[in-house]
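Asks: Coordinates in start_23.tsv, TSV, C-alpha atoms, are listed below.
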chain	number	residue	atom	x	y	z
E	1	MET	CA	71.27	-60.33	-44.14
E	2	LYS	CA	74.96	-59.57	-43.59
E	3	ILE	CA	75.48	-57.87	-40.22
E	4	THR	CA	78.24	-55.25	-40.35
E	5	THR	CA	77.36	-52.94	-37.42
E	6	PRO	CA	75.61	-53.39	-34.05
E	7	THR	CA	72.22	-54.92	-34.89
E	8	LEU	CA	69.23	-55.78	-32.76
E	9	LEU	CA	67.97	-59.34	-33.28
E	10	ILE	CA	64.38	-60.23	-32.42
E	11	ASP	CA	63.17	-63.75	-31.74
E	12	LYS	CA	59.63	-63.49	-33.13
E	13	GLU	CA	58.50	-66.78	-31.61
E	14	LYS	CA	59.44	-65.63	-28.10
E	15	ALA	CA	57.84	-62.20	-28.62
E	16	LEU	CA	54.60	-63.79	-29.80
E	17	ARG	CA	54.62	-66.10	-26.81
E	18	ASN	CA	55.11	-63.12	-24.48
E	19	ILE	CA	52.25	-61.23	-26.14
E	20	SER	CA	49.96	-64.25	-26.00
E	21	ARG	CA	50.62	-64.78	-22.30
E	22	MET	CA	49.80	-61.15	-21.40
E	23	VAL	CA	46.71	-61.07	-23.63
E	24	GLU	CA	45.42	-64.21	-21.95
E	25	LYS	CA	46.09	-62.81	-18.46
E	26	ALA	CA	44.15	-59.65	-19.31
E	27	ARG	CA	41.28	-61.69	-20.76
E	28	ARG	CA	41.19	-63.92	-17.69
E	29	ASN	CA	41.02	-60.87	-15.41
E	30	LYS	CA	38.53	-59.03	-17.65
E	31	VAL	CA	40.79	-55.98	-17.96
E	32	ARG	CA	41.77	-54.10	-21.11
E	33	LEU	CA	45.34	-54.59	-22.27
E	34	ARG	CA	46.63	-51.28	-23.62
E	35	PRO	CA	50.29	-52.24	-24.25
E	36	HIS	CA	53.00	-49.60	-24.18
E	37	PHE	CA	54.59	-49.46	-27.62
E	38	LYS	CA	57.61	-47.40	-26.54
E	39	THR	CA	59.47	-50.68	-26.03
E	40	HIS	CA	59.53	-51.70	-29.69
E	41	GLN	CA	58.35	-48.56	-31.58
E	42	SER	CA	57.79	-50.83	-34.57
E	43	VAL	CA	54.88	-51.03	-36.99
E	44	GLN	CA	55.74	-54.67	-37.69
E	45	VAL	CA	55.80	-55.66	-34.01
E	46	GLY	CA	52.60	-53.67	-33.54
E	47	GLU	CA	50.94	-55.89	-36.13
E	48	TRP	CA	51.79	-58.92	-34.00
E	49	PHE	CA	49.63	-57.39	-31.26
E	50	ARG	CA	46.78	-56.86	-33.72
E	51	GLU	CA	46.81	-60.59	-34.43
E	52	PHE	CA	45.82	-61.10	-30.78
E	53	GLY	CA	42.96	-58.59	-30.96
E	54	VAL	CA	44.72	-55.61	-29.33
E	55	GLU	CA	43.07	-52.37	-30.47
E	56	ALA	CA	44.16	-49.73	-27.92
E	57	ILE	CA	47.79	-48.79	-27.28
E	58	THR	CA	50.02	-46.59	-25.12
E	59	VAL	CA	52.92	-44.45	-26.32
E	60	SER	CA	55.31	-42.04	-24.62
E	61	SER	CA	55.23	-39.04	-26.96
E	62	VAL	CA	53.04	-37.19	-29.42
E	63	ARG	CA	55.58	-37.99	-32.14
E	64	MET	CA	55.17	-41.70	-31.42
E	65	ALA	CA	51.39	-41.34	-31.40
E	66	ARG	CA	51.53	-39.74	-34.85
E	67	TYR	CA	53.70	-42.60	-36.13
E	68	PHE	CA	51.26	-45.29	-35.00
E	69	ALA	CA	48.19	-43.27	-36.00
E	70	TYR	CA	49.64	-43.04	-39.51
E	71	HIS	CA	49.77	-46.83	-39.51
E	72	GLY	CA	46.16	-47.31	-38.56
E	73	TRP	CA	45.98	-47.27	-34.76
E	74	ARG	CA	42.90	-45.31	-33.68
E	75	ASP	CA	42.87	-45.47	-29.85
E	76	ILE	CA	46.10	-44.10	-28.38
E	77	LEU	CA	47.11	-42.94	-24.90
E	78	VAL	CA	50.12	-40.65	-24.59
E	79	ALA	CA	51.23	-41.70	-21.10
E	80	PHE	CA	53.39	-38.66	-20.45
E	81	PRO	CA	52.25	-35.33	-18.96
E	82	ALA	CA	50.75	-33.37	-21.85
E	83	ASN	CA	53.22	-30.92	-23.38
E	84	VAL	CA	51.15	-27.85	-24.18
E	85	ARG	CA	53.79	-26.62	-26.64
E	86	GLU	CA	52.64	-29.43	-28.95
E	87	LEU	CA	49.04	-28.28	-29.22
E	88	GLU	CA	49.18	-28.07	-33.01
E	89	SER	CA	50.18	-31.73	-33.28
E	90	ILE	CA	47.73	-32.71	-30.54
E	91	ASN	CA	44.88	-31.07	-32.44
E	92	GLU	CA	45.86	-32.79	-35.66
E	93	LEU	CA	45.86	-36.17	-33.91
E	94	ALA	CA	42.62	-35.53	-32.06
E	95	SER	CA	40.91	-34.75	-35.36
E	96	ARG	CA	41.34	-38.32	-36.59
E	97	ILE	CA	41.80	-40.71	-33.64
E	98	LYS	CA	40.52	-41.28	-30.11
E	99	LEU	CA	43.34	-39.51	-28.30
E	100	HIS	CA	44.02	-39.87	-24.58
E	101	LEU	CA	46.21	-37.37	-22.75
E	102	VAL	CA	47.53	-37.17	-19.19
E	103	ALA	CA	47.53	-34.14	-16.89
E	104	VAL	CA	49.17	-33.54	-13.53
E	105	ASN	CA	48.38	-29.87	-12.80
E	106	PRO	CA	45.73	-27.21	-13.44
E	107	GLU	CA	47.96	-25.14	-15.73
E	108	THR	CA	48.00	-27.99	-18.25
E	109	VAL	CA	44.23	-28.42	-18.04
E	110	THR	CA	43.67	-24.69	-18.58
E	111	ALA	CA	46.01	-24.59	-21.58
E	112	LEU	CA	44.38	-27.65	-23.16
E	113	ALA	CA	40.90	-26.27	-22.59
E	114	LYS	CA	41.90	-23.03	-24.29
E	115	GLY	CA	43.78	-24.56	-27.23
E	116	LEU	CA	42.00	-27.79	-28.12
E	117	GLN	CA	39.90	-27.85	-31.26
E	118	HIS	CA	38.67	-31.45	-30.87
E	119	PRO	CA	37.62	-33.51	-27.84
E	120	VAL	CA	40.24	-35.64	-26.07
E	121	GLN	CA	40.09	-38.13	-23.25
E	122	LEU	CA	42.02	-36.81	-20.24
E	123	SER	CA	43.37	-38.91	-17.38
E	124	VAL	CA	44.97	-37.66	-14.20
E	125	LYS	CA	48.33	-39.13	-13.22
E	126	ILE	CA	48.37	-40.44	-9.64
E	127	ASP	CA	51.48	-40.98	-7.55
E	128	THR	CA	51.08	-44.08	-5.37
E	129	GLY	CA	54.71	-44.33	-4.28
E	130	TYR	CA	57.05	-44.00	-7.27
E	131	HIS	CA	57.49	-40.22	-6.75
E	132	ARG	CA	58.47	-39.38	-10.32
E	133	THR	CA	55.40	-37.31	-11.12
E	134	GLY	CA	51.71	-37.33	-10.41
E	135	ILE	CA	49.35	-36.12	-7.71
E	136	PRO	CA	49.54	-38.10	-4.44
E	137	ALA	CA	46.46	-40.29	-4.15
E	138	THR	CA	45.62	-38.81	-0.74
E	139	ASN	CA	45.86	-35.17	-1.82
E	140	TYR	CA	42.10	-34.78	-2.09
E	141	ALA	CA	42.15	-30.98	-2.09
E	142	GLU	CA	44.30	-30.85	-5.23
E	143	LEU	CA	42.39	-33.67	-6.91
E	144	ASP	CA	38.99	-32.14	-6.09
E	145	ALA	CA	40.05	-28.84	-7.64
E	146	LEU	CA	41.58	-30.44	-10.73
E	147	LEU	CA	38.59	-32.67	-11.48
E	148	LYS	CA	36.22	-29.75	-11.01
E	149	LEU	CA	38.28	-27.77	-13.53
E	150	ILE	CA	38.25	-30.66	-16.02
E	151	GLN	CA	34.52	-31.19	-15.58
E	152	GLY	CA	33.78	-27.68	-16.77
E	153	GLN	CA	35.65	-27.94	-20.08
E	154	GLU	CA	33.87	-28.72	-23.33
E	155	LYS	CA	36.79	-30.43	-25.11
E	156	LEU	CA	38.05	-32.44	-22.11
E	157	GLN	CA	36.42	-35.74	-21.22
E	158	PHE	CA	37.65	-37.10	-17.91
E	159	ALA	CA	38.66	-40.75	-18.42
E	160	GLY	CA	40.03	-41.71	-15.00
E	161	PHE	CA	43.29	-42.23	-13.16
E	162	VAL	CA	46.59	-43.65	-14.44
E	163	VAL	CA	49.43	-45.03	-12.32
E	164	HIS	CA	52.93	-46.20	-13.17
E	165	ASP	CA	54.63	-48.17	-10.39
E	166	GLY	CA	58.20	-47.66	-11.53
E	167	HIS	CA	59.50	-48.57	-8.08
E	168	THR	CA	58.75	-52.24	-8.83
E	169	TYR	CA	61.88	-52.15	-11.01
E	170	LYS	CA	63.99	-51.91	-7.86
E	171	GLN	CA	62.56	-55.10	-6.38
E	172	THR	CA	63.70	-58.70	-6.70
E	173	ASP	CA	61.12	-60.23	-4.39
E	174	ALA	CA	57.69	-61.24	-5.67
E	175	ALA	CA	56.06	-60.43	-2.32
E	176	ALA	CA	57.38	-56.85	-2.50
E	177	ILE	CA	55.96	-56.42	-6.00
E	178	HIS	CA	52.59	-57.81	-4.87
E	179	ALA	CA	52.64	-55.32	-1.97
E	180	ILE	CA	53.31	-52.36	-4.30
E	181	PHE	CA	50.58	-53.49	-6.67
E	182	ASN	CA	48.04	-54.02	-3.89
E	183	ASN	CA	48.82	-50.61	-2.40
E	184	SER	CA	48.27	-48.91	-5.76
E	185	VAL	CA	45.01	-50.74	-6.43
E	186	THR	CA	43.76	-49.89	-2.94
E	187	GLN	CA	44.48	-46.20	-3.49
E	188	LEU	CA	42.87	-46.25	-6.93
E	189	ASN	CA	39.77	-47.89	-5.49
E	190	GLN	CA	39.55	-45.25	-2.77
E	191	LEU	CA	39.66	-42.58	-5.46
E	192	ARG	CA	37.00	-44.34	-7.46
E	193	GLU	CA	34.70	-44.43	-4.45
E	194	ARG	CA	35.28	-40.73	-3.87
E	195	TYR	CA	34.54	-39.63	-7.43
E	196	LYS	CA	32.22	-42.26	-8.94
E	197	ALA	CA	29.08	-40.20	-8.27
E	198	ASP	CA	30.34	-37.50	-10.64
E	199	PHE	CA	32.26	-39.85	-12.95
E	200	PRO	CA	30.57	-43.28	-12.89
E	201	ASN	CA	32.64	-44.58	-15.81
E	202	LEU	CA	36.09	-43.51	-14.60
E	203	GLN	CA	38.84	-45.98	-15.46
E	204	ARG	CA	41.61	-47.27	-13.19
E	205	SER	CA	44.70	-47.89	-15.30
E	206	LEU	CA	48.03	-49.28	-14.12
E	207	GLY	CA	51.15	-50.03	-16.12
E	208	ASP	CA	54.45	-51.67	-15.22
E	209	THR	CA	55.85	-54.93	-16.52
E	210	PRO	CA	56.94	-56.43	-13.15
E	211	SER	CA	53.45	-56.13	-11.63
E	212	CYS	CA	51.64	-57.23	-14.77
E	213	SER	CA	53.99	-60.21	-15.20
E	214	ILE	CA	54.14	-61.44	-11.61
E	215	VAL	CA	50.69	-60.64	-10.18
E	216	GLU	CA	47.99	-63.07	-11.31
E	217	ASP	CA	44.91	-61.38	-9.83
E	218	LEU	CA	44.44	-57.97	-11.49
E	219	GLN	CA	40.98	-57.30	-10.07
E	220	GLY	CA	40.24	-53.69	-9.17
E	221	LEU	CA	41.45	-52.31	-12.51
E	222	GLU	CA	39.88	-51.64	-15.87
E	223	GLU	CA	43.16	-51.43	-17.77
E	224	ILE	CA	46.82	-52.51	-17.69
E	225	ARG	CA	49.61	-50.85	-19.72
E	226	PRO	CA	52.81	-52.96	-19.58
E	227	GLY	CA	55.30	-52.56	-22.42
E	228	ASN	CA	58.65	-54.20	-21.76
E	229	PHE	CA	57.07	-57.66	-21.60
E	230	VAL	CA	57.06	-58.02	-25.39
E	231	PHE	CA	60.87	-58.37	-25.35
E	232	TYR	CA	61.84	-58.53	-21.66
E	233	ASP	CA	65.54	-58.14	-20.78
E	234	LEU	CA	68.16	-58.85	-18.11
E	235	THR	CA	66.59	-56.38	-15.68
E	236	GLN	CA	63.23	-58.15	-15.88
E	237	GLN	CA	64.92	-61.52	-15.42
E	238	HIS	CA	66.76	-60.13	-12.39
E	239	ILE	CA	63.48	-58.84	-10.93
E	240	GLY	CA	61.76	-62.17	-11.55
E	241	SER	CA	59.31	-61.02	-14.23
E	242	CYS	CA	60.60	-63.56	-16.73
E	243	SER	CA	63.14	-66.30	-17.34
E	244	PHE	CA	66.12	-66.10	-19.69
E	245	GLU	CA	64.05	-68.14	-22.16
E	246	ASP	CA	61.54	-65.27	-22.42
E	247	ILE	CA	64.06	-62.59	-23.48
E	248	ALA	CA	63.21	-61.98	-27.13
E	249	VAL	CA	66.00	-59.58	-28.17
E	250	CYS	CA	69.76	-59.63	-28.28
E	251	MET	CA	72.42	-57.45	-29.88
E	252	ALA	CA	74.83	-58.74	-32.53
E	253	CYS	CA	78.10	-56.80	-32.16
E	254	PRO	CA	81.30	-57.12	-34.23
E	255	VAL	CA	84.51	-58.01	-32.40
E	256	VAL	CA	87.07	-55.28	-33.19
E	257	ALA	CA	89.95	-55.91	-30.76
E	258	LYS	CA	91.34	-58.46	-28.30
E	259	HIS	CA	93.66	-57.91	-25.33
E	260	PRO	CA	95.03	-61.25	-24.10
E	261	ASP	CA	97.06	-59.64	-21.30
E	262	ARG	CA	93.85	-58.70	-19.50
E	263	GLY	CA	91.41	-61.21	-20.98
E	264	GLU	CA	89.24	-58.55	-22.61
E	265	ILE	CA	87.49	-58.42	-25.97
E	266	ILE	CA	86.39	-55.10	-27.47
E	267	LEU	CA	83.08	-54.88	-29.28
E	268	TYR	CA	81.66	-52.38	-31.69
E	269	GLY	CA	78.71	-51.81	-29.40
E	270	GLY	CA	78.70	-49.10	-26.74
E	271	SER	CA	76.36	-46.86	-24.80
E	272	VAL	CA	74.89	-45.38	-28.00
E	273	HIS	CA	73.73	-48.89	-28.85
E	274	PHE	CA	72.87	-50.37	-25.43
E	275	SER	CA	72.34	-47.28	-23.20
E	276	LYS	CA	74.18	-46.90	-19.89
E	277	ASP	CA	71.71	-48.97	-17.88
E	278	VAL	CA	73.59	-51.35	-15.61
E	279	LEU	CA	72.93	-54.24	-13.24
E	280	LEU	CA	75.11	-54.53	-10.16
E	281	GLN	CA	76.32	-58.04	-9.42
E	282	GLN	CA	78.19	-59.48	-6.46
E	283	GLU	CA	80.45	-56.93	-4.76
E	284	ASP	CA	78.79	-54.24	-6.91
E	285	ALA	CA	80.50	-55.43	-10.10
E	286	PRO	CA	78.76	-53.72	-13.06
E	287	LEU	CA	77.04	-55.78	-15.74
E	288	PHE	CA	76.07	-54.14	-19.05
E	289	GLY	CA	75.08	-57.29	-20.94
E	290	ARG	CA	75.39	-61.08	-20.96
E	291	VAL	CA	76.80	-63.08	-23.83
E	292	VAL	CA	74.85	-65.85	-25.57
E	293	GLU	CA	75.47	-68.10	-28.57
E	294	LEU	CA	73.16	-68.44	-31.54
E	295	THR	CA	71.40	-71.78	-31.93
E	296	GLU	CA	69.08	-73.28	-34.53
E	297	ASN	CA	66.12	-72.03	-32.50
E	298	GLY	CA	67.32	-68.60	-31.41
E	299	TRP	CA	70.05	-68.32	-28.80
E	300	SER	CA	71.35	-70.05	-25.70
E	301	GLU	CA	71.05	-69.04	-22.08
E	302	PRO	CA	73.83	-66.64	-20.94
E	303	LEU	CA	77.29	-68.16	-20.87
E	304	GLU	CA	79.23	-68.26	-17.63
E	305	GLY	CA	82.67	-66.69	-17.56
E	306	ILE	CA	82.02	-63.96	-20.14
E	307	ALA	CA	80.07	-60.68	-19.86
E	308	VAL	CA	80.03	-57.03	-20.92
E	309	VAL	CA	81.59	-55.14	-18.02
E	310	SER	CA	82.04	-51.63	-19.40
E	311	LEU	CA	80.58	-49.33	-22.06
E	312	SER	CA	81.78	-46.08	-23.52
E	313	GLN	CA	80.20	-44.29	-26.46
E	314	GLU	CA	80.99	-46.85	-29.20
E	315	HIS	CA	83.07	-49.44	-27.30
E	316	GLY	CA	81.90	-52.42	-25.30
E	317	VAL	CA	84.42	-54.17	-23.06
E	318	VAL	CA	83.85	-57.89	-22.56
E	319	ARG	CA	85.74	-59.75	-19.85
E	320	ALA	CA	86.18	-63.41	-20.77
E	321	SER	CA	87.68	-66.55	-19.28
E	322	PRO	CA	90.60	-68.01	-21.28
E	323	GLU	CA	88.27	-70.64	-22.75
E	324	HIS	CA	85.79	-68.05	-24.04
E	325	PHE	CA	88.53	-65.59	-25.05
E	326	ALA	CA	90.00	-68.17	-27.42
E	327	LYS	CA	86.65	-68.71	-29.21
E	328	TYR	CA	86.43	-65.22	-30.71
E	329	ASN	CA	88.43	-63.74	-33.55
E	330	ILE	CA	88.54	-60.22	-34.96
E	331	GLY	CA	85.53	-59.78	-37.26
E	332	ASP	CA	83.36	-62.34	-35.47
E	333	LEU	CA	79.96	-61.40	-34.10
E	334	MET	CA	79.23	-61.61	-30.40
E	335	TYR	CA	75.62	-61.84	-29.22
E	336	VAL	CA	74.61	-59.93	-26.10
E	337	LEU	CA	71.38	-59.82	-24.07
E	338	PRO	CA	70.68	-56.18	-23.08
E	339	VAL	CA	70.06	-54.85	-19.59
E	340	HIS	CA	67.17	-52.67	-20.82
E	341	SER	CA	65.47	-53.65	-24.06
E	342	CYS	CA	63.36	-50.47	-24.35
E	343	LEU	CA	66.38	-48.17	-24.47
E	344	THR	CA	68.40	-50.57	-26.60
E	345	ALA	CA	65.62	-50.76	-29.20
E	346	ASP	CA	65.17	-46.98	-29.12
E	347	LEU	CA	68.88	-46.34	-29.56
E	348	ARG	CA	69.11	-48.72	-32.49
E	349	LYS	CA	66.20	-46.81	-34.03
E	350	ALA	CA	67.91	-43.47	-33.45
E	351	THR	CA	71.46	-44.32	-34.53
E	352	SER	CA	70.94	-46.41	-37.65
E	353	PRO	CA	71.02	-44.90	-41.16
E	354	ARG	CA	67.50	-44.27	-42.45
E	355	LYS	CA	67.57	-46.89	-45.19
E	356	ALA	CA	69.65	-49.45	-43.33
E	357	SER	CA	68.14	-52.45	-41.57
E	358	ARG	CA	68.48	-51.87	-37.83
E	359	SER	CA	67.03	-55.14	-36.61
E	360	SER	CA	66.37	-58.60	-37.86
E	361	THR	CA	64.48	-61.60	-36.60
E	362	CYS	CA	65.66	-65.07	-35.89
E	363	ARG	CA	63.76	-68.08	-37.28
E	364	ALA	CA	64.01	-66.74	-40.84
E	365	CYS	CA	61.66	-63.79	-40.26
E	366	ARG	CA	62.64	-60.14	-40.46
E	367	SER	CA	61.42	-57.20	-38.34
E	368	GLY	CA	63.55	-54.13	-39.25
E	369	SER	CA	60.91	-51.59	-38.13
Can you turn what I pasted into C-alpha cells?
Replies:
Amino acid sequence: MKITTPTLLIDKEKALRNISRMVEKARRNKVRLRPHFKTHQSVQVGEWFREFGVEAITVSSVRMARYFAYHGWRDILVAFPANVRELESINELASRIKLHLVAVNPETVTALAKGLQHPVQLSVKIDTGYHRTGIPATNYAELDALLKLIQGQEKLQFAGFVVHDGHTYKQTDAAAIHAIFNNSVTQLNQLRERYKADFPNLQRSLGDTPSCSIVEDLQGLEEIRPGNFVFYDLTQQHIGSCSFEDIAVCMACPVVAKHPDRGEIILYGGSVHFSKDVLLQQEDAPLFGRVVELTENGWSEPLEGIAVVSLSQEHGVVRASPEHFAKYNIGDLMYVLPVHSCLTADLRKATSPRKASRSSTCRACRSGS
C-alpha cells in the first residue's frame, strides 16, 4: 500500500494482546465484557473480538448500532441517552436484535413507551461524580419515580444501571482511579440493595478504560464497557492505563514543508485528522502527538527531541532538534502516536474518500475498516 495522505496504521498484534488481556480480566472477575466499539468503528477489528468469544457490544449512536447489526452483532447497547427523534431507526433495530437503550429522564421513557413497537432493554444512567449526564445515585426520589414509570411499560424491560467514570481521564495516580472506581461501585451496590426486591436481575455496568485497565478487582459489577483499551493512546499512557508498548495505532503523515530557521517541520496531518485533543507537558507546553520510527515489528517508543506542538485544520507543526530535523525530507512520512485514538480513528473514517483505504495494519496485515 502506497501512503499518500494521512493514514491510520494499526498494529494488529498489539491490539490482539490488548483485547486478550481485558477478556482475561473480565473472565477472572466473572463479569461480562461489553466493549465499546466507538473507538475503532471497524467490522474487521470487531471480528478480532469475536475470536475471543465477545458477543455483546457497546456503541455510541443508533447509526453505529445499525452498522454493527448489519454485520451480525445481535446484542448491542447504545450508551448514549436515547434520542427519541430516532424512533423509526430504533424500532427497526429492535425488530431484529437485542437492543439496549439508556434513559436519564421521564420524558424519554414516556416517548419510548408510546413509540416503541418492539421490546427493548432499558438502563438508567447514573452520575457517580463525572457530572456530564445521569441521575445522581443519591437522588432516590427521582430514581423511584423513573423506575416506577419504566415498570409499568409493556415494551420497556428495565436492565439496570450504567455508569461512565469519565473523570478518571483527568487522573495520573492509580490510587485516585481506584478511589473513583470504589466510590462508583459502592453507589451502584447501594442502588441494587434498594431496588433488588422489584428488579432481582438488575445489572450494574461500568465503563471507562482507566478503571478497567488499572483496577484488578472488579467485584460488585455484572458488566464492564471499556473501549479505548483496544488501541490505547498517549492520554492513556499519561494516565497510567498502559505503556507505550501497548499503543496499537499511529498516524503516517507526509512531510510537506521544513523551516530550518525555527526547527519546525510541517506535516499533512492536522486537527481534521488527529482532533484537537492535547496533553499539557512541563510549563503547560501543548503536545498533540509524539513521533516514532517504524521498525520490523511495528514502531519504536517515542523519540526525544521531536513532537507535534501545534495543529490547525490540515497542518501539523512538529518541533525538532537539529539531529531529528536533518533526518526528514519533503515527501517523507512521519509516524505519530495520537493523543486520543478514538477521535483520531473516527476522523480518519469521516474524512477519507469512500473507496480509499483509510487505515492499514503493520505486520503485513490490513485493517482498512
Asks: If you count only C-alpha atoms, which residues fall within 7 Å of Ser271 of chain E, apart from same-chain ones fewer than 4 positions away, as a ChimeraX atom specification?
Replies: /E:275-276,311-314
Asks: Which neighbours of Asn183 of chain E fall inside 9 Å, counting all atoms listed in the file, when residues of the same chain fewer than 4 positions from it are skipped, and could you give them as number ranges by chain?
Replies: E: 128-129, 178-179, 187-188
Asks: Between atom CA of Gly227 of chain E and atom CA of Phe288 of chain E, measure the distance and give it in Å to one decimal.
Replies: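 Interatomic distance here is 21.1 Å.
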Asks: Smallest atom-to-atom distance to Met22 of chain E: which of E:Gly115, E:Pro6, E:Pro210, E:Gly72, using all atoms listed in the file?
Replies: E:Pro210
Asks: Could you list, as a PyMOL selection string, every residue within 12 Å of Ala326 of chain E, counting all atoms listed in the file and ignoring same-chain residues fewer than 5 positions away?
Replies: chain E and resi 258-260+263-265+306+320-321+332
Asks: Could the residues of segment 122-217 of chain E that have an atom at most 12 Å from segment 241-256 of chain E be listed as CSV, each with its closest atom pair and the distance in Å to one decimal, counting only C-alpha atoms and ordered by chain and ascending residue number?
Replies:
residue,atom,partner,partner_atom,distance
E:Thr168,CA,E:Ser241,CA,10.3
E:Tyr169,CA,E:Ser241,CA,9.8
E:Gln171,CA,E:Ser241,CA,10.4
E:Thr172,CA,E:Ser241,CA,9.0
E:Asp173,CA,E:Ser241,CA,10.0
E:Ala174,CA,E:Ser241,CA,8.7
E:Ile177,CA,E:Ser241,CA,10.0
E:His178,CA,E:Ser241,CA,12.0
E:Asp208,CA,E:Ser241,CA,10.6
E:Thr209,CA,E:Ser241,CA,7.4
E:Pro210,CA,E:Ser241,CA,5.3
E:Ser211,CA,E:Ser241,CA,8.1
E:Cys212,CA,E:Ser241,CA,8.6
E:Ser213,CA,E:Ser241,CA,5.5
E:Ile214,CA,E:Ser241,CA,5.8
E:Val215,CA,E:Ser241,CA,9.5
E:Glu216,CA,E:Ser241,CA,11.9
Asks: Can I get the selected residues back with C-alpha atoms, as a JSON list (two decimals), keeping the file's coordinate frame?
Replies:
[["chain", "number", "residue", "atom", "x", "y", "z"],
["E", 168, "THR", "CA", 58.75, -52.24, -8.83],
["E", 169, "TYR", "CA", 61.88, -52.15, -11.01],
["E", 171, "GLN", "CA", 62.56, -55.10, -6.38],
["E", 172, "THR", "CA", 63.70, -58.70, -6.70],
["E", 173, "ASP", "CA", 61.12, -60.23, -4.39],
["E", 174, "ALA", "CA", 57.69, -61.24, -5.67],
["E", 177, "ILE", "CA", 55.96, -56.42, -6.00],
["E", 178, "HIS", "CA", 52.59, -57.81, -4.87],
["E", 208, "ASP", "CA", 54.45, -51.67, -15.22],
["E", 209, "THR", "CA", 55.85, -54.93, -16.52],
["E", 210, "PRO", "CA", 56.94, -56.43, -13.15],
["E", 211, "SER", "CA", 53.45, -56.13, -11.63],
["E", 212, "CYS", "CA", 51.64, -57.23, -14.77],
["E", 213, "SER", "CA", 53.99, -60.21, -15.20],
["E", 214, "ILE", "CA", 54.14, -61.44, -11.61],
["E", 215, "VAL", "CA", 50.69, -60.64, -10.18],
["E", 216, "GLU", "CA", 47.99, -63.07, -11.31]]
Asks: Residues at most 9 Å from Thr39 of chain E, counting all atoms listed in the file, excluding those fewer than 2 positions away in the same chain, as a PyMOL selection string?
Replies: chain E and resi 36-37+41-42+227-231+341-346
Asks: Write the residues of the selection above to a file with C-alpha atoms, as a CSV table (one decimal), in the frame of the given file.
Replies:
chain,number,residue,atom,x,y,z
E,36,HIS,CA,53.0,-49.6,-24.2
E,37,PHE,CA,54.6,-49.5,-27.6
E,41,GLN,CA,58.4,-48.6,-31.6
E,42,SER,CA,57.8,-50.8,-34.6
E,227,GLY,CA,55.3,-52.6,-22.4
E,228,ASN,CA,58.6,-54.2,-21.8
E,229,PHE,CA,57.1,-57.7,-21.6
E,230,VAL,CA,57.1,-58.0,-25.4
E,231,PHE,CA,60.9,-58.4,-25.4
E,341,SER,CA,65.5,-53.6,-24.1
E,342,CYS,CA,63.4,-50.5,-24.4
E,343,LEU,CA,66.4,-48.2,-24.5
E,344,THR,CA,68.4,-50.6,-26.6
E,345,ALA,CA,65.6,-50.8,-29.2
E,346,ASP,CA,65.2,-47.0,-29.1
Asks: In Å, with one decimal, what is the gap from atom CA of Ser184 of chain E to atom CA of Arg225 of chain E?
Replies: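 Here the two named atoms are 14.2 Å from each other.
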Asks: For Arg21 of chain E, which residue among E:Leu33, E:Ala103, E:Leu112, E:Leu146 is the nearest when counting only C-alpha atoms?
Replies: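 Of E:Leu33, E:Ala103, E:Leu112, E:Leu146, the one nearest Arg21 of chain E is E:Leu33, counting only C-alpha atoms.
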Asks: What's the 7 Å shell around Ile57 of chain E, counting only C-alpha atoms, without same-chain residues fewer than 4 positions away, as a VMD selection string?
Replies: chain E and resid 34 to 37 75 to 77
Asks: Given the choices E:Leu202, E:Arg319, E:Lys2, E:Leu87, which gets closest to Asp261 of chain E if the distance is worked out from all atoms listed in the file?
Replies: E:Arg319
Asks: Do you have the atom CA of Glu142 of chain E-atom CA of Gln190 of chain E distance handy?
Replies: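 Calculated distance between atom CA of Glu142 of chain E and atom CA of Gln190 of chain E is 15.4 Å.
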Asks: Tell me which of E:Ala145, E:Leu221, E:Met1, E:Val124 sits closest to Phe158 of chain E, counting only C-alpha atoms.
Replies: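 Among the listed residues, the smallest separation from Phe158 of chain E belongs to E:Val124.
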Asks: Pick out the closest residue to Val45 of chain E from this set: E:Asn91, E:Arg32, E:Leu333, E:Ala15. Count all atoms listed in the file.
Replies: E:Ala15
Asks: Considering all atoms listed in the file, state which residue in the set E:Ala79, E:Leu287, E:Leu337, E:Ala176 is at the smallest distance from Gly207 of chain E.
Replies: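 Ranking E:Ala79, E:Leu287, E:Leu337, E:Ala176 by distance to Gly207 of chain E, first place goes to E:Ala79.
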Asks: Would you please take segment 198-206 of chain E of the structure in the block above and write N, CA and C atoms to a file as a compact mmCIF listing (two decimals), in the first residue's frame?
Replies:
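See part_5.txt below for the written result:
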# COMPACT_ATOMS: atom_id res chain seq x y z
N ASP E 198 -37.76 -5.43 43.65
CA ASP E 198 -38.59 -5.26 42.45
C ASP E 198 -37.88 -5.72 41.19
N PHE E 199 -36.55 -5.62 41.19
CA PHE E 199 -35.77 -5.98 40.00
C PHE E 199 -34.59 -6.87 40.41
N PRO E 200 -34.86 -8.13 40.70
CA PRO E 200 -33.81 -9.01 41.23
C PRO E 200 -32.66 -9.26 40.27
N ASN E 201 -32.87 -9.05 38.98
CA ASN E 201 -31.83 -9.32 37.99
C ASN E 201 -31.16 -8.05 37.46
N LEU E 202 -31.33 -6.93 38.14
CA LEU E 202 -30.76 -5.68 37.62
C LEU E 202 -29.24 -5.77 37.52
N GLN E 203 -28.70 -5.20 36.47
CA GLN E 203 -27.28 -5.26 36.18
C GLN E 203 -26.58 -3.96 36.59
N ARG E 204 -25.37 -4.10 37.08
CA ARG E 204 -24.52 -2.94 37.40
C ARG E 204 -23.40 -2.91 36.37
N SER E 205 -23.40 -1.87 35.54
CA SER E 205 -22.50 -1.79 34.40
C SER E 205 -21.66 -0.53 34.48
N LEU E 206 -20.35 -0.69 34.33
CA LEU E 206 -19.44 0.46 34.43
C LEU E 206 -18.47 0.42 33.26
